[in-house]
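Below is the file input_24.tsv, which contains TSV, C-alpha atoms.
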chain	number	residue	atom	x	y	z
W	1069	MET	CA	15.85	-105.84	-25.05
W	1070	VAL	CA	14.80	-102.93	-27.25
W	1071	SER	CA	16.95	-99.83	-27.36
W	1072	TYR	CA	16.31	-96.26	-28.40
W	1073	ASP	CA	19.97	-95.42	-27.84
W	1074	LEU	CA	21.47	-93.85	-30.97
W	1075	SER	CA	24.94	-93.28	-29.54
W	1076	GLY	CA	27.64	-93.63	-32.16
W	1077	ARG	CA	25.27	-92.89	-35.04
W	1078	THR	CA	25.08	-89.87	-37.30
W	1079	ALA	CA	21.75	-88.47	-38.46
W	1080	LEU	CA	21.04	-85.95	-41.21
W	1081	VAL	CA	17.74	-84.06	-40.92
W	1082	THR	CA	16.49	-82.08	-43.90
W	1083	GLY	CA	14.40	-79.01	-43.21
W	1084	GLY	CA	15.81	-79.14	-39.72
W	1085	ALA	CA	16.18	-75.41	-39.12
W	1086	GLN	CA	12.76	-74.98	-37.53
W	1087	GLY	CA	9.43	-76.59	-36.75
W	1088	LEU	CA	9.10	-80.35	-36.80
W	1089	GLY	CA	12.60	-80.79	-38.25
W	1090	ALA	CA	14.24	-78.90	-35.41
W	1091	GLY	CA	12.30	-80.95	-32.90
W	1092	MET	CA	13.28	-84.19	-34.59
W	1093	ALA	CA	16.93	-83.14	-34.67
W	1094	GLY	CA	16.81	-82.34	-30.98
W	1095	ALA	CA	15.19	-85.65	-30.11
W	1096	LEU	CA	17.73	-87.62	-32.13
W	1097	ALA	CA	20.53	-85.77	-30.36
W	1098	LYS	CA	18.94	-86.47	-26.98
W	1099	ALA	CA	18.95	-90.17	-27.91
W	1100	GLY	CA	22.71	-89.93	-28.43
W	1101	ALA	CA	23.06	-89.34	-32.16
W	1102	THR	CA	25.36	-86.83	-33.79
W	1103	VAL	CA	22.94	-84.63	-35.69
W	1104	VAL	CA	23.51	-82.58	-38.83
W	1105	ILE	CA	20.82	-80.13	-39.90
W	1106	ALA	CA	20.39	-79.61	-43.63
W	1107	ASP	CA	18.39	-76.60	-44.79
W	1108	VAL	CA	18.36	-73.65	-47.17
W	1109	GLN	CA	17.92	-71.33	-44.18
W	1110	GLU	CA	21.55	-71.01	-43.19
W	1111	GLU	CA	21.35	-68.54	-40.30
W	1112	LEU	CA	18.41	-70.27	-38.67
W	1113	GLY	CA	19.87	-73.73	-39.31
W	1114	ARG	CA	23.18	-72.84	-37.70
W	1115	ALA	CA	21.36	-71.34	-34.72
W	1116	THR	CA	19.36	-74.54	-34.27
W	1117	ALA	CA	22.53	-76.63	-34.47
W	1118	ASP	CA	24.16	-74.35	-31.89
W	1119	SER	CA	21.21	-74.77	-29.54
W	1120	ILE	CA	21.57	-78.55	-29.78
W	1121	LYS	CA	25.28	-78.26	-29.04
W	1122	GLN	CA	24.45	-76.38	-25.87
W	1123	THR	CA	22.81	-79.54	-24.53
W	1124	GLY	CA	26.17	-81.31	-24.79
W	1125	ALA	CA	25.36	-83.14	-28.01
W	1126	THR	CA	27.35	-83.04	-31.24
W	1127	ALA	CA	25.60	-81.13	-34.01
W	1128	GLY	CA	26.39	-79.37	-37.25
W	1129	PHE	CA	24.84	-77.64	-40.24
W	1130	VAL	CA	25.08	-78.10	-44.00
W	1131	ARG	CA	23.31	-76.02	-46.62
W	1132	LEU	CA	21.11	-78.16	-48.82
W	1133	ASP	CA	18.45	-77.54	-51.45
W	1134	VAL	CA	16.77	-80.94	-51.45
W	1135	THR	CA	15.55	-80.50	-55.04
W	1136	ASP	CA	19.12	-80.26	-56.42
W	1137	ASP	CA	20.44	-83.73	-57.26
W	1138	ALA	CA	24.09	-82.69	-57.57
W	1139	GLY	CA	23.68	-80.49	-54.52
W	1140	TRP	CA	23.19	-83.56	-52.32
W	1141	GLU	CA	26.65	-84.93	-53.02
W	1142	GLN	CA	28.76	-82.39	-51.15
W	1143	PRO	CA	26.66	-82.30	-47.94
W	1144	VAL	CA	26.49	-86.09	-47.72
W	1145	SER	CA	30.24	-86.34	-48.36
W	1146	ALA	CA	30.88	-83.66	-45.73
W	1147	VAL	CA	28.75	-85.43	-43.13
W	1148	VAL	CA	30.48	-88.77	-43.73
W	1149	GLY	CA	33.91	-87.16	-43.78
W	1150	GLU	CA	33.53	-84.93	-40.74
W	1151	TYR	CA	31.44	-87.20	-38.51
W	1152	GLY	CA	32.59	-90.61	-39.70
W	1153	GLY	CA	29.43	-91.96	-41.26
W	1154	LEU	CA	25.76	-91.61	-42.10
W	1155	ASP	CA	23.37	-93.91	-40.29
W	1156	VAL	CA	20.04	-92.06	-40.30
W	1157	LEU	CA	18.39	-89.76	-42.83
W	1158	VAL	CA	15.19	-87.93	-41.94
W	1159	ASN	CA	13.56	-86.55	-45.10
W	1160	ASN	CA	11.57	-83.83	-43.39
W	1161	ALA	CA	11.88	-80.86	-45.77
W	1162	GLY	CA	8.47	-79.98	-47.19
W	1163	VAL	CA	6.14	-77.20	-48.25
W	1164	GLU	CA	2.36	-76.79	-48.10
W	1165	ILE	CA	0.48	-74.31	-50.28
W	1166	THR	CA	-3.25	-74.22	-49.66
W	1167	GLY	CA	-5.66	-73.87	-52.56
W	1168	LEU	CA	-9.01	-75.04	-53.84
W	1169	VAL	CA	-9.00	-77.50	-56.73
W	1170	ALA	CA	-11.17	-75.09	-58.74
W	1171	ASP	CA	-8.46	-72.45	-58.33
W	1172	LEU	CA	-5.45	-74.74	-58.76
W	1173	ASP	CA	-2.21	-72.89	-59.49
W	1174	PRO	CA	0.20	-75.07	-61.49
W	1175	ALA	CA	3.20	-73.19	-60.09
W	1176	HIS	CA	2.16	-74.03	-56.54
W	1177	VAL	CA	1.66	-77.70	-57.37
W	1178	ARG	CA	5.04	-77.88	-59.10
W	1179	LYS	CA	6.70	-76.36	-56.04
W	1180	MET	CA	5.17	-79.00	-53.77
W	1181	LEU	CA	6.07	-81.77	-56.20
W	1182	GLU	CA	9.66	-80.54	-56.37
W	1183	VAL	CA	10.22	-80.28	-52.63
W	1184	ASN	CA	7.93	-82.93	-51.20
W	1185	VAL	CA	8.30	-85.69	-53.79
W	1186	LEU	CA	11.51	-85.08	-55.72
W	1187	GLY	CA	13.34	-83.79	-52.64
W	1188	THR	CA	12.41	-86.89	-50.67
W	1189	ALA	CA	13.28	-89.20	-53.57
W	1190	LEU	CA	16.71	-87.60	-53.96
W	1191	GLY	CA	17.28	-87.97	-50.24
W	1192	VAL	CA	16.55	-91.68	-50.44
W	1193	LYS	CA	18.80	-91.98	-53.49
W	1194	HIS	CA	21.81	-90.38	-51.85
W	1195	ALA	CA	21.22	-92.15	-48.53
W	1196	PHE	CA	21.19	-95.50	-50.33
W	1197	ARG	CA	24.40	-94.69	-52.19
W	1198	ALA	CA	26.17	-93.69	-49.00
W	1199	MET	CA	24.77	-96.37	-46.67
W	1200	ARG	CA	24.84	-99.48	-48.88
W	1201	PRO	CA	27.84	-101.86	-48.94
W	1202	GLY	CA	30.72	-100.13	-50.71
W	1203	GLY	CA	29.19	-96.69	-50.12
W	1204	ALA	CA	30.98	-93.81	-48.42
W	1205	ALA	CA	29.47	-94.84	-45.07
W	1206	GLY	CA	28.73	-98.45	-45.93
W	1207	ASN	CA	27.12	-99.66	-42.72
W	1208	GLY	CA	23.45	-99.65	-43.68
W	1209	GLY	CA	21.05	-97.50	-41.72
W	1210	ALA	CA	17.56	-96.09	-41.52
W	1211	VAL	CA	15.66	-93.61	-43.66
W	1212	VAL	CA	12.59	-91.94	-42.17
W	1213	ASN	CA	10.43	-90.01	-44.62
W	1214	ILE	CA	7.91	-87.49	-43.34
W	1215	SER	CA	4.55	-87.92	-45.03
W	1216	SER	CA	1.41	-86.44	-43.45
W	1217	VAL	CA	-2.04	-87.32	-42.18
W	1218	ALA	CA	-3.03	-85.44	-45.34
W	1219	ALA	CA	-2.09	-88.61	-47.24
W	1220	THR	CA	-4.82	-90.55	-45.44
W	1221	ILE	CA	-7.76	-88.12	-45.17
W	1222	ALA	CA	-9.78	-85.82	-47.45
W	1223	PHE	CA	-9.33	-82.45	-45.78
W	1224	PRO	CA	-10.44	-79.56	-48.00
W	1225	GLY	CA	-8.00	-77.04	-49.42
W	1226	ILE	CA	-4.92	-79.26	-49.54
W	1227	ALA	CA	-5.37	-81.43	-52.63
W	1228	GLY	CA	-1.90	-80.75	-54.00
W	1229	TYR	CA	-0.23	-81.26	-50.65
W	1230	SER	CA	-2.22	-84.44	-50.02
W	1231	ALA	CA	-1.21	-85.81	-53.40
W	1232	THR	CA	2.48	-85.18	-52.78
W	1233	LYS	CA	2.39	-86.68	-49.31
W	1234	SER	CA	0.58	-89.74	-50.67
W	1235	ALA	CA	3.46	-90.06	-53.13
W	1236	VAL	CA	5.91	-90.04	-50.21
W	1237	ASP	CA	4.07	-93.05	-48.80
W	1238	ARG	CA	4.36	-95.01	-52.05
W	1239	LEU	CA	7.99	-93.97	-52.54
W	1240	THR	CA	8.79	-95.21	-49.05
W	1241	ARG	CA	7.40	-98.67	-49.70
W	1242	VAL	CA	9.07	-99.18	-53.08
W	1243	ALA	CA	12.39	-97.91	-51.72
W	1244	ALA	CA	12.14	-100.30	-48.76
W	1245	MET	CA	11.54	-103.21	-51.12
W	1246	GLU	CA	14.50	-102.26	-53.33
W	1247	ALA	CA	16.80	-101.83	-50.33
W	1248	GLY	CA	15.84	-105.27	-49.06
W	1249	LYS	CA	16.09	-107.04	-52.41
W	1250	LEU	CA	19.48	-105.51	-53.16
W	1251	GLY	CA	20.95	-106.14	-49.71
W	1252	TYR	CA	21.57	-102.51	-48.81
W	1253	GLY	CA	20.94	-103.02	-45.10
W	1254	VAL	CA	18.78	-99.89	-45.04
W	1255	ARG	CA	15.31	-99.74	-43.53
W	1256	VAL	CA	12.90	-97.19	-45.04
W	1257	ASN	CA	9.77	-96.06	-43.22
W	1258	CYS	CA	7.56	-93.00	-43.06
W	1259	VAL	CA	5.60	-91.08	-40.47
W	1260	TYR	CA	2.19	-89.46	-40.97
W	1261	PRO	CA	2.17	-86.45	-38.62
W	1262	GLY	CA	-1.12	-84.92	-37.61
W	1263	LEU	CA	-1.61	-81.16	-37.54
W	1264	VAL	CA	0.93	-79.47	-35.27
W	1265	PRO	CA	0.78	-75.72	-34.49
W	1266	THR	CA	4.19	-74.96	-36.01
W	1267	GLN	CA	4.61	-72.08	-38.43
W	1268	MET	CA	3.40	-74.33	-41.27
W	1269	GLY	CA	0.45	-75.65	-39.30
W	1270	ASN	CA	-0.64	-72.19	-38.19
W	1271	GLN	CA	-0.34	-70.91	-41.75
W	1272	LEU	CA	-2.58	-73.72	-42.98
W	1273	ALA	CA	-5.25	-72.78	-40.45
W	1274	ASN	CA	-5.19	-69.20	-41.68
W	1275	ASP	CA	-5.13	-70.20	-45.33
W	1276	VAL	CA	-8.23	-72.42	-45.21
W	1277	VAL	CA	-10.06	-69.44	-43.75
W	1278	ASP	CA	-8.76	-67.18	-46.51
W	1279	VAL	CA	-10.07	-69.49	-49.25
W	1280	GLY	CA	-13.51	-69.54	-47.63
W	1281	LEU	CA	-13.62	-73.03	-46.16
W	1282	PHE	CA	-14.03	-71.94	-42.54
W	1283	PRO	CA	-15.31	-68.71	-40.98
W	1284	SER	CA	-12.42	-68.46	-38.51
W	1285	VAL	CA	-9.11	-69.98	-37.54
W	1286	GLU	CA	-10.70	-71.26	-34.35
W	1287	GLU	CA	-13.32	-73.16	-36.32
W	1288	ALA	CA	-10.71	-74.58	-38.67
W	1289	ILE	CA	-8.67	-75.88	-35.74
W	1290	GLY	CA	-11.84	-77.12	-34.08
W	1291	ALA	CA	-12.67	-79.14	-37.19
W	1292	VAL	CA	-9.31	-80.88	-36.97
W	1293	VAL	CA	-9.65	-81.60	-33.26
W	1294	SER	CA	-13.22	-82.87	-33.73
W	1295	GLN	CA	-11.90	-85.46	-36.22
W	1296	THR	CA	-9.13	-86.53	-33.85
W	1297	PRO	CA	-10.06	-89.20	-31.28
W	1298	ALA	CA	-7.20	-88.09	-29.03
W	1299	GLY	CA	-8.99	-84.74	-28.74
W	1300	ARG	CA	-6.07	-82.40	-29.37
W	1301	LEU	CA	-3.60	-81.15	-31.93
W	1302	GLY	CA	-0.26	-82.89	-32.23
W	1303	GLU	CA	2.91	-81.66	-30.56
W	1304	VAL	CA	6.40	-81.54	-32.01
W	1305	ALA	CA	7.56	-84.06	-29.40
W	1306	ASP	CA	4.91	-86.55	-30.55
W	1307	MET	CA	6.40	-86.59	-34.04
W	1308	ALA	CA	10.02	-86.42	-32.91
W	1309	ASP	CA	9.69	-89.43	-30.61
W	1310	ALA	CA	8.21	-91.48	-33.46
W	1311	VAL	CA	11.20	-90.63	-35.65
W	1312	VAL	CA	13.63	-91.68	-32.91
W	1313	PHE	CA	11.78	-94.99	-32.60
W	1314	LEU	CA	11.95	-95.71	-36.35
W	1315	ALA	CA	15.63	-94.74	-36.45
W	1316	SER	CA	16.51	-97.00	-33.53
W	1317	ASP	CA	17.08	-100.70	-33.07
W	1318	ALA	CA	13.68	-100.91	-31.44
W	1319	ALA	CA	12.35	-100.79	-35.02
W	1320	ARG	CA	14.95	-103.19	-36.38
W	1321	PHE	CA	12.35	-105.45	-38.07
W	1322	ILE	CA	10.19	-102.63	-39.41
W	1323	THR	CA	10.60	-101.45	-42.99
W	1324	GLY	CA	8.23	-100.25	-45.69
W	1325	ALA	CA	5.78	-99.09	-43.05
W	1326	GLY	CA	3.85	-95.91	-42.43
W	1327	LEU	CA	3.38	-94.87	-38.80
W	1328	PRO	CA	0.39	-92.61	-38.12
W	1329	VAL	CA	1.16	-90.09	-35.39
W	1330	ASP	CA	-2.10	-88.22	-35.71
W	1331	GLY	CA	-4.13	-88.98	-32.61
W	1332	GLY	CA	-6.32	-91.30	-34.69
W	1333	MET	CA	-7.42	-88.65	-37.19
W	1334	GLY	CA	-6.57	-90.73	-40.23
W	1335	MET	CA	-7.93	-94.10	-39.14
Conversion result in structure tokens:
Amino acid sequence: MVSYDLSGRTALVTGGAQGLGAGMAGALAKAGATVVIADVQEELGRATADSIKQTGATAGFVRLDVTDDAGWEQPVSAVVGEYGGLDVLVNNAGVEITGLVADLDPAHVRKMLEVNVLGTALGVKHAFRAMRPGGAAGNGGAVVNISSVAATIAFPGIAGYSATKSAVDRLTRVAAMEAGKLGYGVRVNCVYPGLVPTQMGNQLANDVVDVGLFPSVEEAIGAVVSQTPAGRLGEVADMADAVVFLASDAARFITGAGLPVDGGMGM
């Protein structure tokens, strides 16, 4: 009997103050998990945690810059100490900066590498150290990394972002293999979200127009929908439900996998 019940488990969601991260945090809480939002946006992150608490769930906030290795230690320790463990990490924090390859800005690429690749890698590192036998939590768990449909398609204007999200896919698989070989008891998977009209998604639609790839936002969005067999953009709930699945016992024999949640766009 499969179960999506996460009661008794504690989940840490990076970039959880808004957008997909906030939706994922809410879905994990609805499934019974204690949820801690980690973000650099303190006011917004605390407000999101408070809104989750209003549903009757247990939620909290920790400030975290995912690119700071030493900066991970205190939040993870605080989560384990205050909530009694760490069972789920969702590496959701990410940035997208649109640009044509011919106009590539090294500073923009470095920013995406720092947050999307290094930030995710550090999350896996500190989750492993906490979750593995002898760690501060020590009961194993699940890591869900957020990649993107951009890792599986050639959409113009997002070469740097696509490259970093492809790296998240490879990182996920190697980390899953290491966790298995070393007996950590930690499953590591990733999700490839399709385009969702969050603040980031809406900004992308505007940006590809600004760099001359599409004549209007409507045509940019139409191009995405036309490549999507499901015939629509994604919704936050689509992505959040996939994360709950991968975090739950229903996915107990799934590790090193990438789950497309893109309406078929990347197939």
For a test of reading the model, state the distance in Å between CA of Gln1271 in chain W and CA of Met1180 in chain W, rounded to one decimal.
15.5 Å
How many Å lie between CA of Thr1078 in chain W and CA of Val1103 in chain W, rounded to one decimal?
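A separation of 5.9 Å between them.
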List as a PyMOL selection string the protein and nucleic acid residues near Ala1090 in chain W, meaning an atom at most 9 Å away when all atoms listed in the file are counted, but skip any in the same chain fewer than 6 places from it.
chain W and resi 1081+1083-1084+1105+1113+1116-1117+1304+1308
Output for the residues just chosen: C-alpha atoms as a PDB file, keeping the file's coordinate frame:
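The file below, selection19.pdb, is the result:
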ATOM      1  CA  VAL W1081      17.740 -84.060 -40.920  1.00  0.00           C
ATOM      2  CA  GLY W1083      14.400 -79.010 -43.210  1.00  0.00           C
ATOM      3  CA  GLY W1084      15.810 -79.140 -39.720  1.00  0.00           C
ATOM      4  CA  ILE W1105      20.820 -80.130 -39.900  1.00  0.00           C
ATOM      5  CA  GLY W1113      19.870 -73.730 -39.310  1.00  0.00           C
ATOM      6  CA  THR W1116      19.360 -74.540 -34.270  1.00  0.00           C
ATOM      7  CA  ALA W1117      22.530 -76.630 -34.470  1.00  0.00           C
ATOM      8  CA  VAL W1304       6.400 -81.540 -32.010  1.00  0.00           C
ATOM      9  CA  ALA W1308      10.020 -86.420 -32.910  1.00  0.00           C
TER      10      ALA W1308
END
For CA of Asp1330 in chain W and CA of Val1177 in chain W, determine how far apart the two atoms are, in Å to one decimal place.
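Computing it gives 24.4 Å between the two atoms.
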Could you build a table of the residues in range 1166-1239 of chain W lying no more than 12 Å from range 1309-1326 of chain W, giving for each the nearest pair of atoms and their separation in Å rounded to one decimal place, using only C-alpha atoms, ordered by chain and ascending residue number, as JSON lines?
{"residue": "W:Gly1208", "atom": "CA", "partner": "W:Ala1315", "partner_atom": "CA", "distance": 11.7}
{"residue": "W:Gly1209", "atom": "CA", "partner": "W:Ala1315", "partner_atom": "CA", "distance": 8.0}
{"residue": "W:Ala1210", "atom": "CA", "partner": "W:Ala1315", "partner_atom": "CA", "distance": 5.6}
{"residue": "W:Val1211", "atom": "CA", "partner": "W:Ala1315", "partner_atom": "CA", "distance": 7.3}
{"residue": "W:Val1212", "atom": "CA", "partner": "W:Val1311", "partner_atom": "CA", "distance": 6.8}
{"residue": "W:Asn1213", "atom": "CA", "partner": "W:Val1311", "partner_atom": "CA", "distance": 9.0}
{"residue": "W:Ile1214", "atom": "CA", "partner": "W:Val1311", "partner_atom": "CA", "distance": 8.9}
{"residue": "W:Ser1215", "atom": "CA", "partner": "W:Gly1326", "partner_atom": "CA", "distance": 8.4}
{"residue": "W:Ser1216", "atom": "CA", "partner": "W:Gly1326", "partner_atom": "CA", "distance": 9.8}
{"residue": "W:Val1217", "atom": "CA", "partner": "W:Gly1326", "partner_atom": "CA", "distance": 10.4}
{"residue": "W:Ala1219", "atom": "CA", "partner": "W:Gly1326", "partner_atom": "CA", "distance": 10.6}
{"residue": "W:Thr1220", "atom": "CA", "partner": "W:Gly1326", "partner_atom": "CA", "distance": 10.6}
{"residue": "W:Lys1233", "atom": "CA", "partner": "W:Gly1326", "partner_atom": "CA", "distance": 11.6}
{"residue": "W:Ser1234", "atom": "CA", "partner": "W:Gly1326", "partner_atom": "CA", "distance": 10.8}
{"residue": "W:Val1236", "atom": "CA", "partner": "W:Gly1326", "partner_atom": "CA", "distance": 10.0}
{"residue": "W:Asp1237", "atom": "CA", "partner": "W:Gly1326", "partner_atom": "CA", "distance": 7.0}
{"residue": "W:Arg1238", "atom": "CA", "partner": "W:Gly1324", "partner_atom": "CA", "distance": 9.1}
{"residue": "W:Leu1239", "atom": "CA", "partner": "W:Gly1324", "partner_atom": "CA", "distance": 9.3}
Of the candidates W:Tyr1072, W:Phe1196, W:Tyr1260, W:Phe1223, which one gets nearest to Ala1097 in chain W if we count only C-alpha atoms?
W:Tyr1072
For a quick check of understanding, using only C-alpha atoms, which of W:Val1104, W:Thr1082, W:Asn1270, W:Lys1098 has the smallest distance to Thr1188 in chain W?
W:Thr1082
Which residue is closest to Tyr1151 in chain W? Choose from W:Arg1077, W:Arg1241, W:Arg1255, W:Arg1114 and count only C-alpha atoms.
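With only C-alpha atoms as the atom set, the closest residue is W:Arg1077.
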Using all atoms listed in the file, which residue out of W:Thr1166, W:Ser1075, W:Asn1207, W:Thr1232 lies closest to Asp1275 in chain W?
W:Thr1166
Which residues of range 1180-1229 of chain W come within 10 Å of range 1170-1176 of chain W, and what is each one's closest atom pair and distance in Å (one decimal), counting all atoms listed in the file, sorted by chain and residue number, as JSON lines?
{"residue": "W:Met1180", "atom": "CA", "partner": "W:His1176", "partner_atom": "CA", "distance": 6.4}
{"residue": "W:Leu1181", "atom": "CA", "partner": "W:His1176", "partner_atom": "CA", "distance": 8.7}
{"residue": "W:Glu1182", "atom": "CA", "partner": "W:His1176", "partner_atom": "CA", "distance": 9.9}
{"residue": "W:Gly1225", "atom": "CA", "partner": "W:Leu1172", "partner_atom": "CA", "distance": 10.0}
{"residue": "W:Ala1227", "atom": "CA", "partner": "W:Leu1172", "partner_atom": "CA", "distance": 9.1}
{"residue": "W:Gly1228", "atom": "CA", "partner": "W:His1176", "partner_atom": "CA", "distance": 8.3}
{"residue": "W:Tyr1229", "atom": "CA", "partner": "W:His1176", "partner_atom": "CA", "distance": 9.6}
With only C-alpha atoms counted and 8 Å as the cut-off, give the residues of range 1194-1303 of chain W in contact with range 1122-1146 of chain W, each with its shortest interatomic distance in Å and the pair that gives it, as JSON lines.
{"residue": "W:His1194", "atom": "CA", "partner": "W:Trp1140", "partner_atom": "CA", "distance": 7.0}
{"residue": "W:Ala1198", "atom": "CA", "partner": "W:Val1144", "partner_atom": "CA", "distance": 7.7}
{"residue": "W:Ala1204", "atom": "CA", "partner": "W:Ser1145", "partner_atom": "CA", "distance": 7.5}
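For the choices W:Gly1253, W:Gly1332, W:Pro1224, W:Phe1282, the atom-to-atom distance to Ser1294 in chain W is smallest for W:Gly1332 when using all atoms listed in the file.
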May I have the residues within 10 Å of Glu1303 in chain W as a list in words, using all atoms listed in the file and disregarding those fewer than 5 positions away in the same chain?
Leu1088, Gly1091, Pro1261, Gly1262, Leu1263, Val1264, Pro1265, Thr1266, Ala1308, Val1329 and Asp1330 of chain W
Determine the nearest neighbour of Gly1076 in chain W from the options W:Val1147, W:Leu1154, W:Leu1327, W:Met1335, counting all atoms listed in the file.
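That would be W:Leu1154, the residue with the smallest distance to Gly1076 in chain W.
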Enclose range 1155-1169 of chain W, meaning all of its atoms listed in the file, in a box aligned along x, y and z, pad it by 3 Å on each side, and list the centre and edge lengths in Å to one decimal, as lines of an AutoDock Vina configuration file.
center_x = 7.2
center_y = -83.9
center_z = -48.5
size_x = 38.4
size_y = 26.0
size_z = 22.4
